[in-house]
file coords29.txt (compact mmCIF, C-alpha atoms and all ligand atoms)
# COMPACT_ATOMS: atom_id res chain seq x y z
CA MET A 1 0.00 0.00 0.00
CA LYS A 2 1.20 3.51 -0.76
CA GLU A 3 2.18 5.67 2.19
CA ASN A 4 0.92 9.23 2.27
CA ILE A 5 3.73 11.57 3.28
CA VAL A 6 2.93 15.22 4.00
CA ILE A 7 5.99 17.43 4.15
CA LEU A 8 6.00 20.97 5.56
CA THR A 9 9.04 22.96 4.47
CA GLY A 10 10.40 26.27 5.71
CA ALA A 11 13.23 28.65 4.96
CA GLY A 12 15.85 26.16 6.21
CA ILE A 13 15.49 23.92 3.14
CA SER A 14 16.47 26.81 0.86
CA ALA A 15 19.25 28.22 3.09
CA GLU A 16 21.98 26.26 1.29
CA SER A 17 20.54 27.45 -2.03
CA GLY A 18 21.52 31.04 -1.23
CA ILE A 19 18.19 32.28 0.14
CA LYS A 20 18.38 33.70 3.65
CA THR A 21 16.13 32.37 6.43
CA PHE A 22 14.01 34.82 8.45
CA ARG A 23 14.73 34.32 12.12
CA ASP A 24 18.45 33.70 11.75
CA SER A 25 18.93 37.35 10.73
CA ASN A 26 17.79 39.25 13.85
CA GLY A 27 14.18 39.55 12.76
CA LEU A 28 15.17 41.32 9.56
CA TRP A 29 14.32 39.96 6.14
CA GLU A 30 17.13 40.88 3.76
CA ASN A 31 17.86 43.96 5.93
CA HIS A 32 14.25 45.10 6.16
CA ALA A 33 11.96 45.06 9.17
CA ILE A 34 9.24 42.43 8.66
CA GLU A 35 6.52 45.02 9.43
CA ASP A 36 7.77 47.23 6.58
CA VAL A 37 7.82 44.57 3.87
CA ALA A 38 5.54 41.75 5.04
CA THR A 39 2.36 43.39 6.33
CA PRO A 40 -0.60 45.05 4.57
CA GLU A 41 0.09 48.16 6.69
CA GLY A 42 3.69 48.33 5.43
CA PHE A 43 2.43 48.08 1.85
CA ALA A 44 -0.13 50.86 2.42
CA ARG A 45 2.58 53.07 4.00
CA ASN A 46 5.23 52.65 1.34
CA PRO A 47 4.12 50.65 -1.71
CA ALA A 48 7.20 51.63 -3.74
CA LEU A 49 9.50 50.05 -1.16
CA VAL A 50 7.43 46.86 -1.03
CA TYR A 51 7.29 46.49 -4.83
CA ARG A 52 11.06 47.06 -4.99
CA PHE A 53 11.67 44.54 -2.23
CA TYR A 54 9.70 41.72 -3.92
CA ASN A 55 11.07 42.60 -7.36
CA ALA A 56 14.54 42.04 -5.87
CA ARG A 57 13.51 38.74 -4.23
CA ARG A 58 12.01 37.56 -7.56
CA ALA A 59 15.15 38.59 -9.48
CA GLN A 60 17.27 36.69 -6.93
CA LEU A 61 15.69 33.43 -8.14
CA HIS A 62 17.69 33.88 -11.35
CA GLU A 63 21.06 34.24 -9.61
CA GLU A 64 23.59 31.60 -10.58
CA ASN A 65 23.98 30.22 -7.06
CA VAL A 66 20.23 30.05 -6.37
CA VAL A 67 19.53 26.47 -7.44
CA PRO A 68 17.78 23.53 -5.76
CA ASN A 69 20.02 21.62 -3.33
CA LEU A 70 20.02 17.91 -2.49
CA GLY A 71 17.26 18.50 0.06
CA HIS A 72 14.81 19.72 -2.61
CA LYS A 73 16.03 17.09 -5.08
CA SER A 74 15.64 14.12 -2.76
CA LEU A 75 12.01 15.13 -2.04
CA ALA A 76 11.35 15.21 -5.78
CA GLN A 77 12.90 11.73 -6.07
CA LEU A 78 10.69 10.48 -3.24
CA GLU A 79 7.65 11.68 -5.18
CA GLN A 80 8.77 9.46 -8.10
CA HIS A 81 8.87 6.36 -5.87
CA ASP A 82 5.94 3.95 -6.35
CA GLY A 83 5.54 3.37 -2.63
CA PHE A 84 4.69 6.93 -1.63
CA ASN A 85 2.22 9.73 -2.28
CA VAL A 86 4.13 12.90 -1.45
CA ALA A 87 2.59 16.32 -0.87
CA ILE A 88 4.75 19.32 -0.04
CA ILE A 89 3.27 22.23 1.88
CA THR A 90 5.80 25.01 1.74
CA GLN A 91 6.00 28.29 3.63
CA ASN A 92 8.64 29.38 1.13
CA VAL A 93 7.86 31.79 -1.66
CA ASP A 94 10.74 30.65 -3.87
CA ASN A 95 10.37 28.13 -6.73
CA LEU A 96 13.09 25.67 -5.72
CA HIS A 97 10.81 22.68 -5.06
CA GLU A 98 9.32 23.01 -8.54
CA ARG A 99 12.75 23.46 -10.11
CA ALA A 100 13.90 20.27 -8.36
CA GLY A 101 11.00 18.43 -10.03
CA SER A 102 8.35 18.24 -7.28
CA LYS A 103 4.85 18.31 -8.75
CA LYS A 104 2.56 18.48 -5.74
CA VAL A 105 3.56 21.71 -3.98
CA LEU A 106 1.21 24.01 -2.07
CA HIS A 107 2.62 27.49 -1.39
CA MET A 108 0.65 28.40 1.71
CA HIS A 109 2.40 31.80 2.06
CA GLY A 110 2.16 32.68 -1.64
CA GLU A 111 4.73 32.80 -4.43
CA LEU A 112 7.23 35.31 -5.76
CA LEU A 113 6.41 34.25 -9.32
CA SER A 114 2.78 35.29 -9.03
CA ALA A 115 0.95 38.61 -8.97
CA LEU A 116 -2.46 39.13 -7.42
CA CYS A 117 -4.86 41.64 -8.96
CA ARG A 118 -6.74 43.49 -6.23
CA TYR A 119 -9.53 44.47 -8.67
CA SER A 120 -10.37 40.98 -9.94
CA ASN A 121 -8.65 38.75 -7.33
CA GLN A 122 -7.03 36.88 -10.22
CA ARG A 123 -3.54 35.46 -9.91
CA THR A 124 -1.13 35.64 -12.84
CA TYR A 125 2.25 33.97 -13.29
CA TYR A 126 4.76 36.83 -13.22
CA ASP A 127 8.50 36.50 -13.69
CA ALA A 128 9.39 40.19 -14.13
CA ASP A 129 9.37 43.40 -12.11
CA PHE A 130 6.02 45.02 -11.52
CA ASP A 131 4.75 48.01 -9.55
CA GLU A 132 1.84 50.43 -9.30
CA SER A 133 2.21 51.50 -12.92
CA THR A 134 1.97 47.94 -14.30
CA GLU A 135 -1.31 47.03 -16.03
CA CYS A 136 -2.81 43.69 -15.08
CA SER A 137 -3.68 41.28 -17.88
CA CYS A 138 -7.15 40.62 -16.42
CA CYS A 139 -8.65 44.14 -16.35
CA GLN A 140 -6.01 46.12 -18.27
CA ARG A 141 -5.71 48.68 -15.50
CA SER A 142 -2.73 49.84 -13.52
CA GLY A 143 -2.60 50.02 -9.73
CA GLY A 144 -4.18 46.65 -9.03
CA LEU A 145 -1.26 44.24 -8.96
CA ARG A 146 0.34 43.34 -5.63
CA PRO A 147 2.90 40.69 -4.73
CA ASP A 148 1.06 37.37 -4.25
CA ILE A 149 2.54 36.90 -0.80
CA VAL A 150 0.59 36.12 2.37
CA TRP A 151 1.64 38.89 4.71
CA PHE A 152 1.39 38.86 8.50
CA GLY A 153 -2.25 39.35 9.44
CA GLU A 154 -3.50 37.68 6.23
CA ILE A 155 -4.96 34.22 5.91
CA PRO A 156 -2.67 31.49 4.55
CA MET A 157 -3.73 29.69 1.40
CA TYR A 158 -4.99 26.10 0.87
CA MET A 159 -5.98 25.58 4.52
CA ASP A 160 -8.88 23.20 3.70
CA GLU A 161 -6.72 21.16 1.34
CA ILE A 162 -3.91 21.04 3.92
CA GLN A 163 -6.29 19.80 6.62
CA THR A 164 -7.48 16.99 4.34
CA LEU A 165 -3.91 16.06 3.38
CA ILE A 166 -2.89 15.76 7.04
CA GLU A 167 -6.03 13.78 7.90
CA GLN A 168 -5.12 11.28 5.19
CA ALA A 169 -1.40 11.17 5.98
CA ASN A 170 0.59 8.27 7.39
CA HIS A 171 3.62 10.44 8.11
CA PHE A 172 4.06 14.18 8.74
CA VAL A 173 7.50 15.68 8.22
CA ALA A 174 8.67 19.25 9.02
CA ILE A 175 11.88 20.41 7.36
CA GLY A 176 13.84 23.61 8.08
CA THR A 177 11.13 25.49 9.89
CA SER A 178 11.46 27.16 13.29
CA GLY A 179 7.83 26.39 14.15
CA GLN A 180 7.16 29.93 15.30
CA VAL A 181 4.58 31.05 12.77
CA TYR A 182 1.01 29.75 12.97
CA PRO A 183 -0.98 28.06 11.55
CA ALA A 184 1.93 26.06 10.03
CA ALA A 185 3.55 25.64 13.45
CA GLY A 186 0.39 23.87 14.66
CA PHE A 187 0.27 21.21 11.92
CA VAL A 188 2.42 18.87 14.00
CA ASN A 189 -0.05 19.09 16.92
CA PHE A 190 -2.86 18.15 14.55
CA ALA A 191 -0.83 15.24 13.17
CA LYS A 192 -0.03 14.04 16.71
CA GLN A 193 -3.72 14.16 17.69
CA LEU A 194 -4.47 11.95 14.70
CA GLY A 195 -1.76 9.49 15.74
CA ILE A 196 0.36 10.07 12.63
CA THR A 197 4.12 9.44 12.70
CA THR A 198 6.01 12.76 12.89
CA THR A 199 9.57 13.58 11.89
CA GLU A 200 11.55 16.81 12.20
CA ILE A 201 14.55 17.60 10.01
CA ASN A 202 16.48 20.72 11.00
CA LEU A 203 19.94 22.13 11.51
CA GLU A 204 19.09 22.06 15.20
CA PRO A 205 16.00 20.74 17.02
CA SER A 206 13.27 23.42 16.99
CA ASP A 207 11.28 24.54 20.05
CA ASN A 208 8.53 22.12 18.92
CA ASN A 209 10.91 19.17 18.76
CA TYR A 210 9.23 17.36 21.65
CA LEU A 211 6.19 16.86 19.40
CA PHE A 212 8.12 14.79 16.89
CA ASP A 213 8.68 11.02 17.06
CA HIS A 214 11.90 11.15 15.04
CA THR A 215 14.53 13.85 14.49
CA TYR A 216 17.20 14.21 11.82
CA VAL A 217 19.71 16.90 12.75
CA GLY A 218 21.89 18.41 10.06
CA PRO A 219 21.86 20.71 7.04
CA ALA A 220 18.96 19.95 4.71
CA SER A 221 21.27 18.95 1.84
CA GLU A 222 22.59 16.08 3.97
CA ALA A 223 19.76 15.27 6.42
CA VAL A 224 16.87 15.18 3.91
CA PRO A 225 18.57 12.62 1.59
CA ARG A 226 19.42 10.55 4.70
CA PHE A 227 15.76 10.62 5.79
CA VAL A 228 14.52 9.74 2.27
CA SER A 229 16.97 6.86 2.02
CA ASP A 230 15.86 5.49 5.45
CA LEU A 231 12.20 5.80 4.44
CA ILE A 232 12.76 3.82 1.23
CA THR A 233 14.90 1.20 2.97
CA ASN A 234 12.21 0.66 5.65
CA LYS A 235 9.55 0.39 2.95
CA ASN A 236 11.52 -2.29 1.13
CA ASN A 237 12.12 -4.37 4.27
N1 LIG B 301 19.19 22.97 6.91
C1 LIG B 301 18.10 22.71 7.68
N2 LIG B 301 17.54 23.61 8.49
C2 LIG B 301 18.09 24.85 8.52
C3 LIG B 301 19.21 25.20 7.74
C4 LIG B 301 19.77 24.19 6.90
N3 LIG B 301 20.83 24.41 6.13
N4 LIG B 301 19.52 26.50 7.99
C5 LIG B 301 18.63 26.95 8.88
N5 LIG B 301 17.76 25.96 9.22
C6 LIG B 301 16.60 26.02 10.12
C7 LIG B 301 16.79 26.88 11.34
O1 LIG B 301 17.35 26.11 12.41
C8 LIG B 301 15.34 27.31 11.65
O2 LIG B 301 14.68 26.37 12.49
O3 LIG B 301 15.55 26.60 9.39
C9 LIG B 301 14.67 27.28 10.27
C10 LIG B 301 14.38 28.65 9.69
O4 LIG B 301 13.44 29.28 10.50
P1 LIG B 301 12.73 30.64 10.07
O5 LIG B 301 13.78 31.59 9.61
O6 LIG B 301 11.85 31.05 11.20
O7 LIG B 301 11.86 30.26 8.79
P2 LIG B 301 10.41 29.62 8.69
O8 LIG B 301 10.14 28.67 9.80
O9 LIG B 301 10.27 29.11 7.31
O10 LIG B 301 9.49 30.89 8.86
C11 LIG B 301 8.10 30.75 8.75
O11 LIG B 301 7.70 33.11 8.93
O12 LIG B 301 8.55 35.18 8.33
C12 LIG B 301 7.54 34.26 8.12
O13 LIG B 301 6.21 33.95 6.22
C13 LIG B 301 7.54 33.81 6.68
O14 LIG B 301 7.29 31.62 5.74
C14 LIG B 301 7.93 32.36 6.77
C15 LIG B 301 7.45 31.97 8.15
call {"tool": "encode", "arguments": {"input": "coords29.txt", "output": "structure tokens", "more": "lines below"}}
Ligand code: APR
result
Amino acid sequence: MKENIVILTGAGISAESGIKTFRDSNGLWENHAIEDVATPEGFARNPALVYRFYNARRAQLHEENVVPNLGHKSLAQLEQHDGFNVAIITQNVDNLHERAGSKKVLHMHGELLSALCRYSNQRTYYDADFDESTECSCCQRSGGLRPDIVWFGEIPMYMDEIQTLIEQANHFVAIGTSGQVYPAAGFVNFAKQLGITTTEINLEPSDNNYLFDHTYVGPASEAVPRFVSDLITNKNN
């Protein structure tokens, strides 16, 4: 029988791919206060700064060193294995899981490569700079597009789908997340209540580590392939 594996990823899985984590940098995100660049209030106060900030984050995805690491790649390989149904729920707004080959990826905090039109609520794939002067393709008006990022105070995406995935899971895995931002931080509690096996993979055990049955400590590029290899070996035995 196939095992359903639900994997929550955070900034730690992309750290070795040249994308900085959040809480390892004194509460600053790429030298900006979170409340300036990751809240609706910050956007209302200084939209030009916020557009510039996300344009820079989007452009960073094209930098030579920003490529999927063995952590992303081994999850994509696991998805190819006949014995497992793999779903990735990511808090990351980068595209490294997709570039590694993962097909089932839910970006619960939004995506850099998407723009949200505030007039029509439509989302459009966007791999270029945009700002207040950019016309949206849906209503051909400027001023509507905003970064398709779930800011603090906004509701994360795919919550119903995520609940169903966890309810149907045999194994819940959290990789490279500090477990400080809800609702994602609470998924492990939900999994525990349902009696699902839980595994944490992190550079160091997180504050939530006591909620996990198994822990793999190490950088994602080493610890995730080790976990995937153990999972496949156990399946074969
Ligand atoms: N390998 C594995 N884990 C790592 C690595 C690595 N190379 N480097 C760092 N980590 C771990 C850290 O130990 C930490 O637990 O990754 C985690 C990063 O934590 P955060 O910076 O808090 O990132 P994350 O948990 O993804 O943040 C959640 O908060 O700011 C918001 O919306 C933003 O999605 C983000 C959310």
call {"tool": "closest_residue", "arguments": {"input": "coords29.txt", "among": "A:Gly83, A:Gly101, A:Pro147, A:Pro68", "to": "Ala15 in chain A", "atoms": "only C-alpha atoms"}}
result
A:Pro68
call {"tool": "closest_atom_pairs", "arguments": {"input": "coords29.txt", "of": "range 83-182 of chain A", "to": "range 211-234 of chain A", "cutoff": "10 Å", "atoms": "all atoms listed in the file", "output": "tab-separated table"}}
result
residue	atom	partner	partner_atom	distance
A:Gly83	CA	A:Ile232	CA	8.2
A:Phe84	CA	A:Ile232	CA	9.1
A:Phe172	CA	A:Phe212	CA	9.1
A:Val173	CA	A:Phe212	CA	8.7
A:Ala174	CA	A:Phe212	CA	9.1
A:Ile175	CA	A:Ala220	CA	7.6
A:Gly176	CA	A:Ala220	CA	7.1
call {"tool": "residues_near_ligand", "arguments": {"input": "coords29.txt", "ligand": "ligand LIG 301 (chain B)", "cutoff": "6 Å", "atoms": "only C-alpha atoms and all ligand atoms", "output": "tab-separated table (two decimals) with C-alpha atoms, in the coordinates of the input"}}
result
chain	number	residue	atom	x	y	z
A	10	GLY	CA	10.40	26.27	5.71
A	11	ALA	CA	13.23	28.65	4.96
A	12	GLY	CA	15.85	26.16	6.21
A	13	ILE	CA	15.49	23.92	3.14
A	15	ALA	CA	19.25	28.22	3.09
A	16	GLU	CA	21.98	26.26	1.29
A	21	THR	CA	16.13	32.37	6.43
A	22	PHE	CA	14.01	34.82	8.45
A	23	ARG	CA	14.73	34.32	12.12
A	24	ASP	CA	18.45	33.70	11.75
A	91	GLN	CA	6.00	28.29	3.63
A	92	ASN	CA	8.64	29.38	1.13
A	176	GLY	CA	13.84	23.61	8.08
A	177	THR	CA	11.13	25.49	9.89
A	178	SER	CA	11.46	27.16	13.29
A	179	GLY	CA	7.83	26.39	14.15
A	181	VAL	CA	4.58	31.05	12.77
A	202	ASN	CA	16.48	20.72	11.00
A	203	LEU	CA	19.94	22.13	11.51
A	204	GLU	CA	19.09	22.06	15.20
A	206	SER	CA	13.27	23.42	16.99
A	219	PRO	CA	21.86	20.71	7.04
A	220	ALA	CA	18.96	19.95	4.71
call {"tool": "residues_near_point", "arguments": {"input": "coords29.txt", "point": "(9.4, 32.9, 0.7)", "cutoff": "9 Å", "atoms": "only C-alpha atoms", "output": "ChimeraX atom specification"}}
result
/A:10-11,19,21,57,90-95,107,109-112,149
call {"tool": "atom_distance", "arguments": {"input": "coords29.txt", "atom1": "CA of Ala185 in chain A", "atom2": "CA of Gly18 in chain A"}}
result
23.8 Å
call {"tool": "closest_residue", "arguments": {"input": "coords29.txt", "among": "A:Thr39, A:Thr134, A:Asn4, A:Gln60", "to": "Phe152 in chain A", "atoms": "all atoms listed in the file"}}
result
A:Thr39
call {"tool": "residues_around", "arguments": {"input": "coords29.txt", "residues": "Leu49 in chain A", "least_positions_apart": "5", "cutoff": "9 Å", "atoms": "all atoms listed in the file", "output": "list in words"}}
result
Asp36, Val37, Gly42, Phe43 and Tyr54 of chain A
call {"tool": "closest_residue", "arguments": {"input": "coords29.txt", "among": "A:Ala115, A:Leu8, A:Leu194, A:Leu78", "to": "Cys138 in chain A", "atoms": "only C-alpha atoms"}}
result
A:Ala115
call {"tool": "atom_distance", "arguments": {"input": "coords29.txt", "atom1": "CA of Ala191 in chain A", "atom2": "CA of Lys2 in chain A"}}
result
18.3 Å
call {"tool": "closest_residue", "arguments": {"input": "coords29.txt", "among": "A:Pro156, A:Pro205, A:Gly195, A:Pro183", "to": "Asn170 in chain A", "atoms": "all atoms listed in the file"}}
result
A:Gly195
call {"tool": "atom_distance", "arguments": {"input": "coords29.txt", "atom1": "CA of Arg99 in chain A", "atom2": "CA of Val6 in chain A"}}
result
19.1 Å
call {"tool": "closest_residue", "arguments": {"input": "coords29.txt", "among": "A:Val105, A:Ala33, A:Ala38, A:Val67", "to": "Gly153 in chain A", "atoms": "all atoms listed in the file"}}
result
A:Ala38
call {"tool": "closest_residue", "arguments": {"input": "coords29.txt", "among": "A:Val150, A:Arg141, A:Ile7, A:Trp29", "to": "Ala76 in chain A", "atoms": "only C-alpha atoms"}}
result
A:Ile7
call {"tool": "residues_around", "arguments": {"input": "coords29.txt", "residues": "Ala169 in chain A", "least_positions_apart": "2", "cutoff": "8 Å", "atoms": "all atoms listed in the file", "output": "ChimeraX atom specification"}}
result
/A:3-6,165-167,171-172,196
call {"tool": "write_last_selection", "arguments": {"input": "coords29.txt", "atoms": "C-alpha atoms", "output": "JSON list (two decimals), in the coordinates of the input"}}
result
[["chain", "number", "residue", "atom", "x", "y", "z"],
["A", 3, "GLU", "CA", 2.18, 5.67, 2.19],
["A", 4, "ASN", "CA", 0.92, 9.23, 2.27],
["A", 5, "ILE", "CA", 3.73, 11.57, 3.28],
["A", 6, "VAL", "CA", 2.93, 15.22, 4.00],
["A", 165, "LEU", "CA", -3.91, 16.06, 3.38],
["A", 166, "ILE", "CA", -2.89, 15.76, 7.04],
["A", 167, "GLU", "CA", -6.03, 13.78, 7.90],
["A", 171, "HIS", "CA", 3.62, 10.44, 8.11],
["A", 172, "PHE", "CA", 4.06, 14.18, 8.74],
["A", 196, "ILE", "CA", 0.36, 10.07, 12.63]]
